[in-house]
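Listing of work39.cif, mmCIF, C-alpha atoms
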data_run
#
loop_
_atom_site.label_atom_id
_atom_site.label_comp_id
_atom_site.auth_asym_id
_atom_site.auth_seq_id
_atom_site.Cartn_x
_atom_site.Cartn_y
_atom_site.Cartn_z
CA MET A 3 -17.10 9.90 -3.03
CA GLU A 4 -15.97 13.42 -3.97
CA LYS A 5 -15.61 14.25 -0.26
CA GLU A 6 -13.20 11.32 0.24
CA LEU A 7 -11.23 12.24 -2.88
CA SER A 8 -11.04 15.84 -1.73
CA LYS A 9 -9.67 14.81 1.67
CA THR A 10 -7.13 12.47 0.09
CA TRP A 11 -5.99 15.13 -2.36
CA ARG A 12 -5.75 17.74 0.42
CA VAL A 13 -3.51 15.47 2.49
CA LEU A 14 -1.24 14.76 -0.48
CA ILE A 15 -0.81 18.50 -1.01
CA GLU A 16 -0.67 19.56 2.65
CA PHE A 17 2.08 17.08 3.51
CA ASP A 18 3.84 17.58 0.17
CA ILE A 19 3.84 13.83 -0.44
CA LEU A 20 3.32 13.65 -4.17
CA LYS A 21 6.40 14.56 -6.22
CA LYS A 22 6.89 14.90 -9.95
CA TRP A 23 7.55 11.49 -11.58
CA ASP A 24 6.96 9.47 -8.42
CA ARG A 25 6.62 5.76 -9.09
CA ILE A 26 4.08 4.46 -6.57
CA LEU A 27 3.49 0.77 -5.92
CA ILE A 28 0.07 0.22 -4.32
CA GLY A 29 -0.29 -2.73 -1.97
CA LEU A 30 -3.60 -4.20 -3.18
CA SER A 31 -5.12 -6.72 -0.79
CA GLY A 32 -8.50 -6.89 -2.49
CA GLY A 33 -10.23 -5.34 0.51
CA LYS A 34 -12.37 -2.21 0.35
CA ASP A 35 -9.62 0.07 1.67
CA SER A 36 -6.94 -0.84 -0.86
CA MET A 37 -9.47 -0.94 -3.70
CA PHE A 38 -10.62 2.57 -2.76
CA LEU A 39 -6.98 3.68 -2.67
CA VAL A 40 -6.51 2.44 -6.26
CA TYR A 41 -9.64 4.33 -7.32
CA ALA A 42 -8.66 7.50 -5.42
CA LEU A 43 -5.09 7.64 -6.72
CA THR A 44 -6.28 6.93 -10.26
CA GLU A 45 -8.79 9.79 -10.06
CA ILE A 46 -6.18 12.10 -8.54
CA LYS A 47 -3.72 11.17 -11.29
CA LYS A 48 -6.29 12.21 -13.93
CA ARG A 49 -6.61 15.68 -12.37
CA SER A 50 -3.10 16.21 -11.07
CA PRO A 51 -0.69 18.70 -12.61
CA ILE A 52 2.03 16.48 -11.10
CA PRO A 53 2.84 13.48 -13.31
CA PHE A 54 3.26 10.16 -11.45
CA ASP A 55 2.98 6.44 -12.16
CA LEU A 56 0.85 3.84 -10.41
CA THR A 57 1.17 0.06 -10.29
CA CYS A 58 -0.51 -2.49 -8.03
CA PHE A 59 1.06 -5.44 -6.26
CA THR A 60 -0.60 -8.25 -4.32
CA VAL A 61 0.98 -10.88 -2.12
CA ASN A 62 -0.88 -14.19 -2.19
CA PRO A 63 -0.28 -15.48 1.36
CA MET A 64 -1.43 -18.97 0.28
CA PHE A 65 -3.85 -19.50 3.15
CA SER A 66 -6.47 -20.59 0.63
CA CYS A 67 -6.51 -21.89 -2.93
CA ALA A 68 -9.32 -19.38 -3.67
CA PHE A 69 -6.92 -16.47 -4.26
CA PRO A 70 -8.76 -13.94 -6.52
CA LYS A 71 -5.86 -13.24 -8.89
CA LYS A 72 -8.06 -12.91 -11.99
CA GLU A 73 -10.48 -10.56 -10.22
CA LEU A 74 -7.62 -8.34 -9.00
CA GLU A 75 -6.05 -8.33 -12.49
CA ASP A 76 -9.42 -7.33 -13.99
CA PHE A 77 -9.90 -4.62 -11.37
CA CYS A 78 -6.48 -3.10 -12.13
CA SER A 79 -7.07 -3.44 -15.85
CA SER A 80 -10.31 -1.47 -15.52
CA PHE A 81 -8.18 1.45 -14.25
CA ASN A 82 -5.44 0.83 -16.81
CA ILE A 83 -2.94 0.09 -14.02
CA PRO A 84 -0.27 -2.63 -14.28
CA PHE A 85 -0.64 -5.47 -11.78
CA TYR A 86 1.92 -7.81 -10.23
CA THR A 87 1.43 -10.64 -7.79
CA GLU A 88 3.68 -13.00 -5.90
CA ASP A 89 2.89 -16.23 -4.09
CA LEU A 90 4.35 -16.43 -0.62
CA ASN A 91 3.79 -19.59 1.44
CA ILE A 92 3.12 -17.89 4.77
CA PRO A 93 1.46 -20.92 6.42
CA SER A 94 4.76 -22.79 6.21
CA ALA A 95 6.53 -19.90 8.00
CA ILE A 96 4.10 -19.58 10.92
CA LYS A 97 5.86 -20.38 14.17
CA ASP A 98 5.29 -19.09 17.69
CA GLU A 99 4.30 -15.53 16.79
CA GLY A 100 1.01 -16.56 15.18
CA PRO A 101 -0.45 -15.98 11.74
CA CYS A 102 -1.23 -12.25 12.03
CA TYR A 103 2.29 -11.24 13.00
CA THR A 104 3.94 -13.54 10.45
CA CYS A 105 1.59 -12.60 7.62
CA PHE A 106 2.02 -8.88 8.32
CA TYR A 107 5.80 -9.13 8.42
CA PHE A 108 6.22 -11.19 5.25
CA ARG A 109 3.65 -9.26 3.22
CA TRP A 110 5.27 -5.94 4.25
CA ALA A 111 8.78 -7.17 3.45
CA THR A 112 7.71 -8.69 0.11
CA LEU A 113 5.94 -5.50 -0.95
CA ASN A 114 8.97 -3.34 -0.13
CA ARG A 115 11.39 -5.78 -1.80
CA LYS A 116 9.26 -5.84 -4.96
CA ALA A 117 9.07 -2.04 -4.99
CA LYS A 118 12.83 -1.82 -4.82
CA GLU A 119 13.29 -4.50 -7.50
CA LEU A 120 10.91 -2.73 -9.89
CA GLY A 121 12.34 0.75 -9.26
CA PHE A 122 9.45 2.30 -7.34
CA ASN A 123 10.26 5.14 -4.98
CA LYS A 124 7.06 4.93 -2.92
CA VAL A 125 4.74 2.27 -1.58
CA ALA A 126 1.11 3.09 -0.78
CA LEU A 127 -0.98 1.09 1.69
CA ALA A 128 -4.55 1.74 2.74
CA HIS A 129 -5.80 1.37 6.30
CA HIS A 130 -9.29 1.89 7.64
CA GLY A 131 -9.64 3.41 11.10
CA ASP A 132 -10.64 -0.01 12.46
CA ASP A 133 -7.19 -1.29 11.51
CA ALA A 134 -5.46 1.36 13.61
CA ALA A 135 -4.85 -0.66 16.78
CA GLU A 136 -3.72 -3.78 14.94
CA THR A 137 -1.39 -1.80 12.67
CA PHE A 138 -0.02 0.18 15.62
CA PHE A 139 0.88 -2.96 17.53
CA HIS A 140 2.40 -4.74 14.52
CA GLU A 141 4.46 -1.76 13.32
CA PRO A 142 6.86 -1.36 16.28
CA ARG A 143 7.59 -5.11 16.37
CA ASN A 144 8.50 -5.26 12.70
CA ILE A 145 9.75 -1.87 11.65
CA GLY A 146 10.83 -0.11 14.81
CA THR A 147 8.65 3.00 14.52
CA ALA A 148 5.27 4.01 15.87
CA PHE A 149 2.71 6.14 14.07
CA ASN A 150 -0.88 7.28 14.07
CA ALA A 151 -3.52 5.36 12.17
CA PRO A 152 -3.03 6.31 8.52
CA LEU A 153 -5.46 6.26 5.65
CA VAL A 154 -2.51 5.81 3.36
CA HIS A 155 1.05 4.97 4.19
CA LEU A 156 3.71 5.93 1.68
CA SER A 157 7.13 4.52 2.42
CA PHE A 158 10.36 4.72 0.54
CA PRO A 159 11.75 1.22 -0.09
CA HIS A 160 15.43 2.05 0.35
CA GLY A 161 17.61 0.51 3.02
CA THR A 162 15.94 -0.79 6.14
CA TYR A 163 12.16 -0.96 5.90
CA GLY A 164 10.62 2.15 7.36
CA ASP A 165 13.84 4.13 7.76
CA LYS A 166 12.47 6.93 5.54
CA ALA A 167 8.71 6.98 5.78
CA THR A 168 5.96 9.52 5.37
CA TYR A 169 2.57 8.83 6.86
CA LEU A 170 -0.66 10.52 5.94
CA LEU A 171 -2.31 11.15 9.27
CA GLN A 172 -5.73 12.13 7.95
CA GLY A 173 -8.38 9.43 7.89
CA ILE A 174 -11.54 9.40 5.86
#
Reformat the file's structure so that it appears as structure tokens.
Amino acid sequence: MEKELSKTWRVLIEFDILKKWDRILIGLSGGKDSMFLVYALTEIKKRSPIPFDLTCFTVNPMFSCAFPKKELEDFCSSFNIPFYTEDLNIPSAIKDEGPCYTCFYFRWATLNRKAKELGFNKVALAHHGDDAAETFFHEPRNIGTAFNAPLVHLSFPHGTYGDKATYLLQGI
């Protein structure tokens, strides 16, 4: 685990991504990647000479009534991180593009809107290397930019989504 934290910390420093008093909203899906990101950023925050704030946000896409809201709240609470969630009826919005495209688009837009509403200046998303192809093909259709497979994506939720974005290009 220290090796992964070391790599994450190195990338934050090397690309000068972490700034004093950043307010970072973490997109928490409940998967292993985003849960590791919460852990990693929490550990980095403990050791960092740069003060910054963390909060988690989850979009409930409403595909199932078994949404683990309580488990995600408890997870965030264990790290002493505030947690927000929003229900978004994605199944009702699915048209010709299919569920993956629609879910990606609406979750991305909701996360960035919430970040702006709550005054966050960065959004952090976690991607495993296996997600690289899917993320690559979704990104240009929705945002208009292409990028390498990131471990963490930090975007600035101002103006058009993705117009000012920094990507960490180092995977774990």
Evaluate the PyMOL selection byres ((chain A and resi 47-55) around 7) here and jot the selected residues down as a VMD selection string.
chain A and resid 21 to 26 43 to 46 56 to 57
Rank A:Leu113, A:Cys67, A:Leu120, A:Leu14 by their smallest atom-to-atom distance to Ile28 in chain A, using all atoms listed in the file, and report the top residue only.
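Among the listed residues, A:Leu113 lies closest to Ile28 in chain A.
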Option closest in space to Glu4 in chain A, from A:Ser66, A:Glu16, A:Gly121, A:Tyr41 [counting only C-alpha atoms]
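Checking each candidate against Glu4 in chain A, we get A:Tyr41 as the closest.
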Nearest candidate to Met64 in chain A (options A:Pro93, A:Ser79, A:Ser8, A:Met37; using all atoms listed in the file)
A:Pro93
Quick one: axis-aligned box around all listed atoms of range 31-43 of chain A, 6 Å on every side, centre and edge lengths in Å to one decimal, written as JSON.
{"center_x": -8.7, "center_y": 0.4, "center_z": -2.8, "size_x": 19.3, "size_y": 26.5, "size_z": 21.0}
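Take CA of Glu73 in chain A and CA of Asn123 in chain A: the distance between them is 26.5 Å.
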